[in-house]
>>> print(open('run20.txt').read())   # compact mmCIF, C-alpha atoms
# COMPACT_ATOMS: atom_id res chain seq x y z
CA MET X 1 -63.54 -28.93 -1.92
CA LYS X 2 -64.14 -32.50 -0.65
CA LEU X 3 -64.46 -33.72 -4.25
CA ILE X 4 -60.98 -32.43 -5.19
CA PRO X 5 -58.15 -35.01 -4.84
CA LYS X 6 -55.93 -34.17 -1.86
CA PRO X 7 -52.66 -33.86 -3.86
CA LEU X 8 -54.32 -31.36 -6.19
CA LEU X 9 -55.79 -29.45 -3.24
CA LEU X 10 -52.40 -29.24 -1.51
CA PHE X 11 -50.81 -28.01 -4.73
CA TYR X 12 -53.50 -25.31 -4.93
CA HIS X 13 -52.77 -24.23 -1.35
CA LYS X 14 -49.05 -24.00 -2.16
CA LEU X 15 -49.75 -21.79 -5.14
CA VAL X 16 -51.96 -19.49 -3.05
CA GLY X 17 -49.37 -19.32 -0.24
CA LEU X 18 -46.56 -18.52 -2.64
CA LEU X 19 -48.66 -15.95 -4.52
CA ALA X 20 -49.55 -14.16 -1.28
CA ALA X 21 -45.90 -13.99 -0.18
CA PHE X 22 -44.86 -12.78 -3.66
CA MET X 23 -47.59 -10.11 -3.79
CA TYR X 24 -46.37 -8.59 -0.51
CA CYS X 25 -42.66 -9.00 -1.40
CA PHE X 26 -41.90 -11.75 1.17
CA PRO X 27 -42.06 -9.49 4.25
CA GLY X 28 -41.20 -12.36 6.62
CA ARG X 29 -37.63 -12.36 5.30
CA LYS X 30 -37.05 -8.96 6.95
CA LEU X 31 -38.54 -9.92 10.34
CA LYS X 32 -37.57 -12.13 13.25
CA VAL X 33 -40.38 -14.69 13.12
CA ILE X 34 -41.30 -16.80 16.15
CA GLY X 35 -43.91 -19.54 15.84
CA VAL X 36 -45.67 -21.60 18.49
CA THR X 37 -47.39 -24.86 17.63
CA GLY X 38 -49.06 -27.57 19.73
CA THR X 39 -52.53 -28.61 20.79
CA ASN X 40 -52.74 -26.47 23.93
CA GLY X 41 -50.86 -23.53 25.45
CA LYS X 42 -50.04 -21.65 22.25
CA THR X 43 -51.85 -18.41 23.09
CA THR X 44 -50.50 -18.09 26.63
CA THR X 45 -46.95 -18.94 25.57
CA LEU X 46 -47.05 -16.39 22.76
CA ASN X 47 -48.38 -13.64 25.04
CA LEU X 48 -45.63 -14.37 27.59
CA ILE X 49 -43.00 -14.13 24.86
CA ALA X 50 -44.45 -10.81 23.69
CA LYS X 51 -44.18 -9.36 27.19
CA ILE X 52 -40.60 -10.58 27.58
CA LEU X 53 -39.54 -8.99 24.29
CA GLU X 54 -41.32 -5.74 25.13
CA GLU X 55 -39.61 -5.62 28.52
CA HIS X 56 -36.36 -5.83 26.53
CA ASN X 57 -37.48 -2.74 24.57
CA LYS X 58 -38.32 -4.70 21.42
CA LYS X 59 -41.50 -3.93 19.50
CA VAL X 60 -43.62 -6.91 18.49
CA GLY X 61 -46.47 -7.82 16.23
CA MET X 62 -48.59 -10.81 17.17
CA ILE X 63 -51.34 -13.02 15.82
CA SER X 64 -52.80 -15.29 18.49
CA THR X 65 -56.20 -16.91 18.92
CA ALA X 66 -57.04 -14.35 21.60
CA ILE X 67 -55.13 -11.18 20.73
CA MET X 68 -53.81 -9.36 17.68
CA LYS X 69 -51.05 -6.84 18.23
CA VAL X 70 -49.06 -4.27 16.25
CA GLY X 71 -46.60 -2.41 18.46
CA GLU X 72 -48.48 -0.69 21.28
CA LYS X 73 -51.89 -1.31 19.70
CA SER X 74 -53.68 -4.56 20.53
CA TRP X 75 -57.20 -5.88 20.01
CA LEU X 76 -59.18 -9.10 20.35
CA ASN X 77 -58.94 -11.52 17.43
CA GLU X 78 -62.34 -11.35 15.72
CA ALA X 79 -61.37 -13.63 12.82
CA LYS X 80 -62.10 -16.84 14.78
CA MET X 81 -58.94 -18.31 13.26
CA THR X 82 -55.69 -19.35 14.93
CA SER X 83 -53.70 -18.73 11.74
CA LEU X 84 -54.87 -16.25 9.13
CA ASP X 85 -55.18 -16.92 5.40
CA PRO X 86 -51.93 -16.30 3.42
CA PHE X 87 -52.98 -12.90 2.06
CA SER X 88 -54.07 -11.54 5.47
CA LEU X 89 -50.93 -12.99 7.06
CA ASN X 90 -48.50 -11.44 4.58
CA ARG X 91 -50.38 -8.12 4.65
CA PHE X 92 -49.96 -8.16 8.44
CA LEU X 93 -46.24 -8.97 8.15
CA ARG X 94 -45.75 -6.17 5.61
CA LYS X 95 -47.36 -3.74 8.07
CA LEU X 96 -44.82 -4.80 10.72
CA LYS X 97 -41.98 -4.33 8.26
CA ARG X 98 -43.16 -0.84 7.28
CA LYS X 99 -43.58 0.17 10.91
CA ARG X 100 -40.10 -1.20 11.67
CA ILE X 101 -41.39 -3.67 14.20
CA PRO X 102 -38.71 -6.38 14.26
CA TYR X 103 -40.54 -9.36 15.83
CA ALA X 104 -43.50 -11.27 14.41
CA LEU X 105 -45.07 -13.73 16.88
CA LEU X 106 -47.43 -16.24 15.31
CA GLU X 107 -49.65 -19.06 16.51
CA VAL X 108 -49.18 -21.87 14.04
CA SER X 109 -52.04 -24.33 13.53
CA SER X 110 -51.77 -27.73 11.90
CA HIS X 111 -54.37 -26.68 9.32
CA ALA X 112 -52.26 -23.68 8.33
CA LEU X 113 -49.09 -25.76 8.05
CA GLU X 114 -50.84 -28.42 5.99
CA GLN X 115 -52.34 -25.76 3.74
CA SER X 116 -49.01 -23.97 3.17
CA ARG X 117 -50.30 -20.67 4.57
CA PHE X 118 -46.78 -19.91 5.85
CA LEU X 119 -45.05 -20.67 2.56
CA GLY X 120 -42.49 -17.93 1.97
CA VAL X 121 -42.41 -16.99 5.68
CA PRO X 122 -39.05 -18.13 7.16
CA PHE X 123 -39.32 -18.88 10.90
CA ASP X 124 -36.37 -18.27 13.22
CA VAL X 125 -37.74 -19.86 16.39
CA GLY X 126 -40.11 -22.81 16.55
CA ILE X 127 -41.81 -23.84 19.80
CA PHE X 128 -43.64 -27.11 20.44
CA THR X 129 -45.91 -27.14 23.52
CA ASN X 130 -47.68 -30.52 23.43
CA LEU X 131 -49.72 -32.81 21.25
CA THR X 132 -52.95 -34.64 22.08
CA PRO X 133 -55.67 -35.95 19.72
CA GLU X 134 -57.36 -32.99 18.04
CA HIS X 135 -58.56 -32.02 14.56
CA LEU X 136 -58.85 -35.69 13.61
CA ASP X 137 -61.79 -34.68 11.47
CA TYR X 138 -59.19 -33.01 9.21
CA HIS X 139 -56.10 -35.15 9.75
CA LYS X 140 -56.54 -38.85 9.08
CA ASP X 141 -54.86 -39.88 12.36
CA LEU X 142 -52.59 -38.66 15.17
CA GLU X 143 -49.45 -39.36 13.15
CA ASP X 144 -50.72 -37.21 10.29
CA TYR X 145 -51.51 -34.45 12.82
CA ARG X 146 -47.99 -34.70 14.29
CA LYS X 147 -46.35 -34.55 10.86
CA ALA X 148 -48.29 -31.38 10.07
CA LYS X 149 -46.99 -29.78 13.30
CA GLY X 150 -43.47 -30.87 12.43
CA LYS X 151 -43.53 -28.69 9.32
CA LEU X 152 -42.89 -25.66 11.56
CA PHE X 153 -39.62 -27.18 12.78
CA ARG X 154 -38.66 -28.13 9.23
CA ASN X 155 -39.22 -24.49 8.27
CA VAL X 156 -36.85 -23.31 11.03
CA GLN X 157 -34.31 -25.96 10.12
CA HIS X 158 -34.16 -25.08 6.43
CA SER X 159 -34.80 -21.33 6.49
CA LYS X 160 -31.94 -19.02 5.60
CA GLN X 161 -30.04 -17.54 8.54
CA LYS X 162 -30.94 -13.85 8.94
CA PRO X 163 -28.38 -11.27 10.12
CA ASN X 164 -28.20 -10.95 13.93
CA THR X 165 -31.09 -13.38 14.35
CA PRO X 166 -30.50 -16.50 16.47
CA LYS X 167 -32.36 -19.62 15.33
CA ALA X 168 -33.75 -21.99 17.95
CA LEU X 169 -36.13 -24.85 18.63
CA VAL X 170 -37.96 -25.16 21.95
CA ILE X 171 -39.45 -28.55 22.84
CA ASN X 172 -41.53 -29.99 25.68
CA SER X 173 -39.83 -33.30 26.49
CA ASN X 174 -42.70 -34.41 28.75
CA ASP X 175 -44.84 -34.90 25.69
CA GLU X 176 -45.10 -38.30 24.05
CA SER X 177 -44.16 -36.70 20.74
CA PHE X 178 -40.88 -35.34 22.11
CA GLU X 179 -38.63 -37.74 20.18
CA TYR X 180 -40.35 -36.87 16.92
CA PHE X 181 -39.69 -33.15 17.34
CA ASN X 182 -36.27 -33.61 18.93
CA HIS X 183 -34.70 -35.02 15.76
CA TYR X 184 -34.92 -31.64 14.05
CA GLN X 185 -31.73 -29.60 14.22
CA ALA X 186 -31.16 -25.86 14.70
CA ASP X 187 -28.46 -23.47 15.92
CA GLN X 188 -29.86 -23.80 19.44
CA LYS X 189 -32.19 -26.37 20.93
CA TYR X 190 -34.03 -25.79 24.20
CA ILE X 191 -35.90 -28.62 25.89
CA TYR X 192 -38.07 -28.29 28.99
CA GLU X 193 -39.82 -30.95 31.05
CA ILE X 194 -41.78 -31.57 34.23
CA ILE X 195 -40.67 -34.47 36.42
CA ASP X 196 -43.60 -35.52 38.59
CA ASP X 197 -42.27 -38.73 40.13
CA VAL X 198 -40.61 -36.88 43.02
CA LYS X 199 -42.00 -35.58 46.29
CA GLU X 200 -41.88 -31.95 45.18
CA GLU X 201 -42.82 -31.14 41.61
CA VAL X 202 -39.61 -30.37 39.76
CA VAL X 203 -39.37 -28.84 36.33
CA LYS X 204 -36.18 -29.41 34.40
CA TYR X 205 -35.30 -27.16 31.54
CA LYS X 206 -32.75 -28.34 29.04
CA ARG X 207 -31.02 -27.21 25.91
CA GLY X 208 -28.73 -28.81 23.38
CA LYS X 209 -26.02 -26.59 21.92
CA LYS X 210 -24.51 -23.78 23.94
CA PRO X 211 -26.19 -20.54 22.81
CA LYS X 212 -24.26 -17.45 21.82
CA VAL X 213 -25.19 -15.21 24.74
CA LYS X 214 -24.35 -11.53 25.11
CA GLU X 215 -25.05 -9.39 28.20
CA GLN X 216 -26.61 -12.38 29.86
CA THR X 217 -27.09 -12.59 33.61
CA ILE X 218 -26.76 -16.36 33.57
CA LYS X 219 -23.52 -18.10 32.50
CA PHE X 220 -23.94 -21.37 30.67
CA PRO X 221 -21.40 -24.13 31.32
CA GLU X 222 -19.05 -25.05 28.50
CA THR X 223 -20.18 -28.69 28.48
CA GLU X 224 -22.86 -30.10 26.23
CA GLY X 225 -24.77 -31.37 29.29
CA GLU X 226 -28.55 -31.20 29.11
CA ASP X 227 -29.64 -30.12 32.59
CA LEU X 228 -28.85 -26.42 32.61
CA LEU X 229 -31.89 -24.87 34.24
CA VAL X 230 -33.98 -26.48 36.96
CA ALA X 231 -37.21 -25.03 38.33
CA LYS X 232 -38.11 -26.57 41.68
CA GLU X 233 -40.10 -25.92 44.84
CA ILE X 234 -43.12 -25.07 42.73
CA LYS X 235 -45.89 -23.41 44.71
CA LEU X 236 -49.26 -23.28 43.01
CA GLU X 237 -51.77 -20.78 44.37
CA PRO X 238 -54.91 -19.14 42.96
CA ASN X 239 -53.73 -16.53 40.45
CA LYS X 240 -50.10 -17.05 41.43
CA THR X 241 -47.24 -19.49 40.81
CA THR X 242 -43.68 -19.35 42.10
CA PHE X 243 -40.71 -21.65 41.63
CA GLU X 244 -36.95 -21.59 42.07
CA LEU X 245 -34.98 -21.52 38.84
CA GLU X 246 -31.43 -22.85 39.26
CA THR X 247 -28.29 -23.65 37.29
CA LYS X 248 -24.77 -24.53 38.38
CA GLU X 249 -23.96 -20.84 38.57
CA PHE X 250 -27.32 -19.16 39.15
CA SER X 251 -30.40 -19.42 41.32
CA GLY X 252 -33.39 -17.15 41.58
CA ALA X 253 -37.14 -16.99 41.98
CA ILE X 254 -39.58 -16.95 39.10
CA LYS X 255 -42.97 -15.47 39.92
CA THR X 256 -46.03 -15.25 37.71
CA HIS X 257 -49.71 -14.44 38.17
CA LEU X 258 -50.69 -17.53 36.16
CA SER X 259 -52.08 -20.66 37.81
CA GLY X 260 -51.51 -24.32 37.07
CA VAL X 261 -48.72 -26.74 36.24
CA PHE X 262 -49.50 -26.34 32.53
CA ASN X 263 -48.69 -22.65 32.87
CA VAL X 264 -45.31 -23.57 34.38
CA GLN X 265 -44.68 -25.36 31.08
CA ASN X 266 -45.86 -22.34 29.10
CA THR X 267 -43.64 -20.08 31.22
CA LEU X 268 -40.58 -22.27 30.65
CA ALA X 269 -41.19 -22.23 26.89
CA ALA X 270 -41.34 -18.42 27.02
CA ILE X 271 -38.18 -18.20 29.15
CA ALA X 272 -36.42 -20.47 26.65
CA THR X 273 -37.44 -18.23 23.79
CA GLY X 274 -36.27 -15.12 25.63
CA LEU X 275 -32.89 -16.69 26.32
CA SER X 276 -32.59 -17.74 22.67
CA GLN X 277 -32.89 -14.05 21.76
CA ASN X 278 -30.10 -13.12 24.20
CA ILE X 279 -32.43 -11.44 26.70
CA PRO X 280 -31.02 -11.30 30.26
CA LEU X 281 -32.83 -13.48 32.77
CA THR X 282 -33.39 -10.50 35.06
CA THR X 283 -35.38 -8.86 32.26
CA ILE X 284 -37.40 -12.05 31.77
CA GLN X 285 -38.16 -12.18 35.51
CA ARG X 286 -39.48 -8.61 35.48
CA ALA X 287 -41.63 -9.27 32.45
CA LEU X 288 -43.25 -12.40 33.90
CA MET X 289 -44.23 -10.50 37.05
CA LYS X 290 -46.06 -7.86 35.00
CA ILE X 291 -48.40 -10.29 33.23
CA LYS X 292 -51.73 -10.43 35.06
CA GLY X 293 -53.34 -12.92 32.70
CA VAL X 294 -54.40 -13.64 29.13
CA PRO X 295 -57.96 -12.87 27.93
CA GLY X 296 -60.20 -15.92 27.99
CA ARG X 297 -57.57 -18.10 29.68
CA LEU X 298 -58.63 -18.85 33.25
CA GLU X 299 -60.07 -15.34 33.28
CA THR X 300 -61.96 -14.46 36.45
CA ILE X 301 -65.11 -12.38 36.04
CA LYS X 302 -65.35 -9.97 38.96
CA ASN X 303 -68.66 -9.79 40.79
CA LYS X 304 -70.21 -8.96 44.18
CA LYS X 305 -72.17 -12.21 44.53
CA GLY X 306 -69.54 -14.06 46.56
CA ILE X 307 -69.00 -16.62 43.78
CA THR X 308 -65.98 -17.24 41.57
CA VAL X 309 -66.76 -17.11 37.85
CA ILE X 310 -64.09 -18.31 35.41
CA VAL X 311 -64.06 -18.29 31.61
CA ASP X 312 -61.57 -20.47 29.76
CA TYR X 313 -60.91 -21.54 26.17
CA ALA X 314 -60.34 -25.23 27.06
CA HIS X 315 -62.05 -27.34 24.41
CA THR X 316 -59.95 -30.53 24.33
CA PRO X 317 -59.99 -33.31 26.95
CA ASP X 318 -56.39 -32.62 27.96
CA ALA X 319 -56.97 -28.87 28.34
CA LEU X 320 -60.24 -29.38 30.21
CA ARG X 321 -58.62 -31.81 32.64
CA SER X 322 -55.80 -29.32 33.27
CA VAL X 323 -58.05 -26.36 34.01
CA TYR X 324 -60.35 -28.39 36.28
CA ALA X 325 -57.32 -29.61 38.23
CA THR X 326 -55.96 -26.07 38.45
CA ILE X 327 -59.12 -24.56 39.95
CA LYS X 328 -59.48 -27.30 42.57
CA PRO X 329 -57.83 -25.12 45.27
CA LEU X 330 -60.42 -22.40 44.58
CA ILE X 331 -63.40 -24.62 45.30
CA LYS X 332 -64.67 -24.00 48.82
CA ASN X 333 -68.17 -25.24 48.11
CA ARG X 334 -69.40 -26.56 44.72
CA LEU X 335 -68.18 -26.53 41.12
CA ILE X 336 -70.76 -25.71 38.44
CA VAL X 337 -69.67 -26.01 34.82
CA VAL X 338 -71.10 -24.89 31.47
CA LEU X 339 -69.69 -26.52 28.35
CA GLY X 340 -70.48 -27.88 24.91
CA ALA X 341 -68.54 -29.06 21.88
CA CYS X 342 -67.71 -27.59 18.49
CA GLY X 343 -69.40 -28.79 15.33
CA ASP X 344 -67.55 -29.97 12.20
CA ARG X 345 -64.64 -31.07 14.42
CA ASP X 346 -63.35 -34.29 15.93
CA LYS X 347 -66.43 -36.12 17.26
CA THR X 348 -64.49 -38.63 19.39
CA LYS X 349 -63.66 -36.05 22.04
CA ARG X 350 -67.27 -35.05 22.77
CA PRO X 351 -68.18 -37.83 25.25
CA LYS X 352 -64.74 -37.39 26.84
CA LEU X 353 -65.50 -33.72 27.52
CA GLY X 354 -68.81 -34.67 29.10
CA SER X 355 -67.19 -37.40 31.20
CA LEU X 356 -64.52 -35.02 32.55
CA ALA X 357 -67.11 -32.41 33.44
CA ALA X 358 -69.18 -35.02 35.28
CA LEU X 359 -66.17 -36.35 37.21
CA TYR X 360 -64.96 -32.94 38.40
CA ALA X 361 -68.16 -30.90 38.79
CA ASP X 362 -71.13 -31.03 41.15
CA PHE X 363 -73.47 -29.63 38.50
CA VAL X 364 -73.05 -29.81 34.72
CA ILE X 365 -74.93 -27.72 32.15
CA ILE X 366 -74.57 -28.74 28.50
CA ALA X 367 -75.10 -25.92 25.98
CA ASP X 368 -74.39 -25.10 22.36
CA GLU X 369 -70.90 -23.90 21.53
CA ASP X 370 -70.24 -23.48 17.79
CA PRO X 371 -72.44 -25.96 15.90
CA TYR X 372 -71.28 -24.84 12.45
CA SER X 373 -73.10 -27.04 9.90
CA GLU X 374 -73.94 -29.88 12.33
CA ASP X 375 -77.20 -30.48 14.17
CA PRO X 376 -76.69 -28.80 17.61
CA ALA X 377 -78.92 -31.38 19.32
CA ALA X 378 -76.79 -34.24 17.99
CA ILE X 379 -73.60 -32.58 19.29
CA ARG X 380 -75.11 -32.06 22.73
CA ALA X 381 -76.31 -35.68 22.80
CA GLU X 382 -72.74 -36.93 22.28
CA VAL X 383 -71.44 -34.77 25.13
CA ILE X 384 -74.34 -35.85 27.35
CA ASN X 385 -73.50 -39.48 26.64
CA GLY X 386 -70.22 -38.98 28.50
CA VAL X 387 -71.96 -37.14 31.34
CA VAL X 388 -74.49 -39.93 31.89
CA LYS X 389 -71.88 -42.70 31.72
CA SER X 390 -69.97 -40.93 34.49
CA GLY X 391 -72.97 -41.12 36.82
CA LYS X 392 -74.82 -37.82 36.52
CA GLU X 393 -78.65 -37.74 36.42
CA GLU X 394 -80.64 -35.29 34.33
CA ALA X 395 -82.53 -32.61 36.27
CA LYS X 396 -80.67 -33.67 39.42
CA ASN X 397 -77.07 -32.76 38.75
CA PHE X 398 -76.94 -32.14 35.02
CA TRP X 399 -79.11 -30.14 32.62
CA GLU X 400 -79.28 -29.69 28.86
CA ILE X 401 -79.94 -26.04 27.95
CA ALA X 402 -79.30 -25.40 24.27
CA ASP X 403 -79.33 -21.60 24.43
CA ARG X 404 -75.86 -20.72 25.74
CA LYS X 405 -76.99 -17.46 27.34
CA LYS X 406 -79.78 -19.23 29.22
CA ALA X 407 -77.34 -21.96 30.22
CA ILE X 408 -74.92 -19.42 31.71
CA GLU X 409 -77.83 -17.62 33.39
CA PHE X 410 -79.03 -20.92 34.87
CA ALA X 411 -75.55 -21.77 36.18
CA LEU X 412 -75.06 -18.35 37.77
CA GLY X 413 -78.57 -18.44 39.23
CA LYS X 414 -77.88 -21.83 40.80
CA ALA X 415 -74.60 -20.68 42.36
CA ARG X 416 -74.37 -19.92 46.06
CA LYS X 417 -71.68 -18.17 48.08
CA ASP X 418 -68.24 -19.76 47.67
CA ASP X 419 -69.29 -21.75 44.59
CA VAL X 420 -67.14 -21.76 41.46
CA VAL X 421 -68.86 -21.41 38.07
CA MET X 422 -66.67 -22.32 35.12
CA ILE X 423 -67.62 -21.61 31.49
CA THR X 424 -65.38 -23.37 28.96
CA GLY X 425 -64.98 -23.82 25.22
CA LYS X 426 -64.92 -20.29 23.81
CA GLY X 427 -62.76 -18.10 26.03
CA CYS X 428 -62.74 -14.57 24.64
CA GLU X 429 -63.94 -15.53 21.15
CA GLN X 430 -66.07 -12.79 19.64
CA LEU X 431 -68.31 -14.95 17.46
CA MET X 432 -70.54 -17.99 17.63
CA VAL X 433 -71.09 -19.85 14.36
CA LYS X 434 -74.44 -21.52 13.67
CA GLY X 435 -74.80 -22.81 10.14
CA LYS X 436 -73.66 -19.92 7.95
CA LYS X 437 -74.49 -17.29 10.58
CA LYS X 438 -71.75 -15.62 12.59
CA ILE X 439 -73.36 -14.27 15.73
CA PRO X 440 -71.53 -11.70 17.90
CA TRP X 441 -70.72 -13.43 21.17
CA ASP X 442 -68.45 -13.20 24.21
CA ASP X 443 -68.88 -15.58 27.17
CA ARG X 444 -67.27 -13.01 29.48
CA GLU X 445 -69.62 -10.18 28.52
CA VAL X 446 -72.67 -12.43 28.78
CA ALA X 447 -71.61 -13.47 32.29
CA ARG X 448 -70.94 -9.86 33.31
CA LYS X 449 -74.35 -8.66 32.16
CA ILE X 450 -76.13 -11.45 34.00
CA LEU X 451 -74.11 -10.82 37.17
CA ASN X 452 -74.86 -7.09 37.02
CA LYS X 453 -78.63 -7.57 36.87
>>> encode(input="run20.txt", output="structure tokens")
Amino acid sequence: MKLIPKPLLLFYHKLVGLLAAFMYCFPGRKLKVIGVTGTNGKTTTLNLIAKILEEHNKKVGMISTAIMKVGEKSWLNEAKMTSLDPFSLNRFLRKLKRKRIPYALLEVSSHALEQSRFLGVPFDVGIFTNLTPEHLDYHKDLEDYRKAKGKLFRNVQHSKQKPNTPKALVINSNDESFEYFNHYQADQKYIYEIIDDVKEEVVKYKRGKKPKVKEQTIKFPETEGEDLLVAKEIKLEPNKTTFELETKEFSGAIKTHLSGVFNVQNTLAAIATGLSQNIPLTTIQRALMKIKGVPGRLETIKNKKGITVIVDYAHTPDALRSVYATIKPLIKNRLIVVLGACGDRDKTKRPKLGSLAALYADFVIIADEDPYSEDPAAIRAEVINGVVKSGKEEAKNFWEIADRKKAIEFALGKARKDDVVMITGKGCEQLMVKGKKKIPWDDREVARKILNK
């Protein structure tokens, strides 16, 4: 594929995308399609949206990195892909159509957008969470990466209006790429942001045009003013977050079982999407309270050892920094981390991952993650470079253990009462890829088996 000129390759992808949609009779045209794009937060945001819609008695189908869902049936995503190939995607959408499931919730990756996998699938709601350097092995630079993400909003903007289906864009204005995504137009535009230059963390939630709301608890003012919803008095606790959500005519508490400021952003994006679909805020509040967590996202592994074991998918510097900062309140004694880096992906982030681990953790264990076609030792060396530069010493406070199972076993064996052990990079993924081999794997199950010995 690398020998094929890019324009020809993109044309090929368009043909495949269009053929897949044609073969399955363009099922996306008969569904309400909601897409989430961004570097981090897609899976959590999508799962929150699913719960909100279900609380409103709407059936959903979902493709996320962690979970696949068709109505009441859900299962872990074993494809190791954020966005499926066009034929699998359209086959999935046709299944939803046949089962009369109205909503299709999709994680939308930059690769999939660039490769026209969603060609023929008209989106009704597009959500942008954030953008940090990632996949620069595929995209030539950050601007190219951003433009690929923007294709989701262009899809929403130009797709044909479906009967009784509100169109909306939801944007995180805290992100440096906000202005780029904000120039896209839609029937409704929702913008949310966190203002952190005040004594108490305040989250402002904005929207552009006044939405057409029916049976809505909250009344929107007639003006085109931006500040319509404000979340303030944020209280972050282990496995719990609360904040006050206010407007000129409404105030009320929002409670979730998710931790971290980044999950406040994810929650606001989900609330925005719910409101765009004319769901009462009281329904949204109930739904958010029922969500206990998302598999492989700050997931705590129960044990009787007196230690806290957490598995998370964080595999970018921004995500890793966020999860480390979030678990700080949990750390009564020491933080022990297990991490690695993915092969055949952006190499520039590897020393950054190692540096962050070294800065936050007392003990760091570097292990294999998904080497793909690269030399695992070379990947580990790049991560270790960041660990060493941040002051850690081998065999004293950091170790290189290639075998991921042995690395996790070593970390858990080293843990004492009140320590926190954090395993990052894979979350609830069901496979590890080494060369051409796909090995069954689950960080959570490995940790559970070791803890139960």
>>> residues_around(input="run20.txt", residues="Gly61 in chain X", least_positions_apart="6", cutoff="6 Å", atoms="all atoms listed in the file", output="count of residues only")
4
>>> closest_residue(input="run20.txt", among="X:Arg94, X:Lys437, X:Lys6, X:Lys160", to="Asp370 in chain X", atoms="only C-alpha atoms")
X:Lys437
>>> closest_residue(input="run20.txt", among="X:Trp441, X:Phe178, X:Tyr12, X:Phe123", to="Tyr192 in chain X", atoms="only C-alpha atoms")
X:Phe178
>>> closest_residue(input="run20.txt", among="X:Asn385, X:Thr241, X:Ser390, X:Thr282", to="Glu55 in chain X", atoms="all atoms listed in the file")
X:Thr282
>>> residues_around(input="run20.txt", residues="Thr39 in chain X", least_positions_apart="4", cutoff="7 Å", atoms="only C-alpha atoms", output="ChimeraX atom specification")
/X:130-132
>>> residues_around(input="run20.txt", residues="Leu113 in chain X", least_positions_apart="5", cutoff="9 Å", atoms="only C-alpha atoms", output="MDAnalysis selection string")
chainID X and resid 108 118:119 148:152
>>> residues_around(input="run20.txt", residues="Pro122 in chain X", least_positions_apart="5", cutoff="8 Å", atoms="all atoms listed in the file", output="ChimeraX atom specification")
/X:28-29,33,155-156,159-160
>>> write_last_selection(input="run20.txt", atoms="C-alpha atoms", output="PDB file, in the frame of the given file")
ATOM      1  CA  GLY X  28     -41.200 -12.360   6.620  1.00  0.00           C
ATOM      2  CA  ARG X  29     -37.630 -12.360   5.300  1.00  0.00           C
ATOM      3  CA  VAL X  33     -40.380 -14.690  13.120  1.00  0.00           C
ATOM      4  CA  ASN X 155     -39.220 -24.490   8.270  1.00  0.00           C
ATOM      5  CA  VAL X 156     -36.850 -23.310  11.030  1.00  0.00           C
ATOM      6  CA  SER X 159     -34.800 -21.330   6.490  1.00  0.00           C
ATOM      7  CA  LYS X 160     -31.940 -19.020   5.600  1.00  0.00           C
TER       8      LYS X 160
END
>>> closest_residue(input="run20.txt", among="X:Leu106, X:Leu18, X:Ile101, X:Cys25", to="Pro86 in chain X", atoms="all atoms listed in the file")
X:Leu18
>>> residues_near_point(input="run20.txt", point="(-71.5, -25.7, 24.1)", cutoff="6 Å", atoms="all atoms listed in the file", output="CSV table (one decimal) with C-alpha atoms, in the frame of the given file")
chain,number,residue,atom,x,y,z
X,339,LEU,CA,-69.7,-26.5,28.4
X,340,GLY,CA,-70.5,-27.9,24.9
X,341,ALA,CA,-68.5,-29.1,21.9
X,367,ALA,CA,-75.1,-25.9,26.0
X,368,ASP,CA,-74.4,-25.1,22.4
X,369,GLU,CA,-70.9,-23.9,21.5
>>> closest_residue(input="run20.txt", among="X:Val337, X:Pro5, X:Asp312, X:Lys147", to="Ala411 in chain X", atoms="all atoms listed in the file")
X:Val337
>>> closest_residue(input="run20.txt", among="X:Ala319, X:Ile191, X:Leu10, X:Ala269", to="Pro133 in chain X", atoms="all atoms listed in the file")
X:Ala319
>>> atom_distance(input="run20.txt", atom1="CA of Phe11 in chain X", atom2="CA of Leu89 in chain X")
19.1 Å
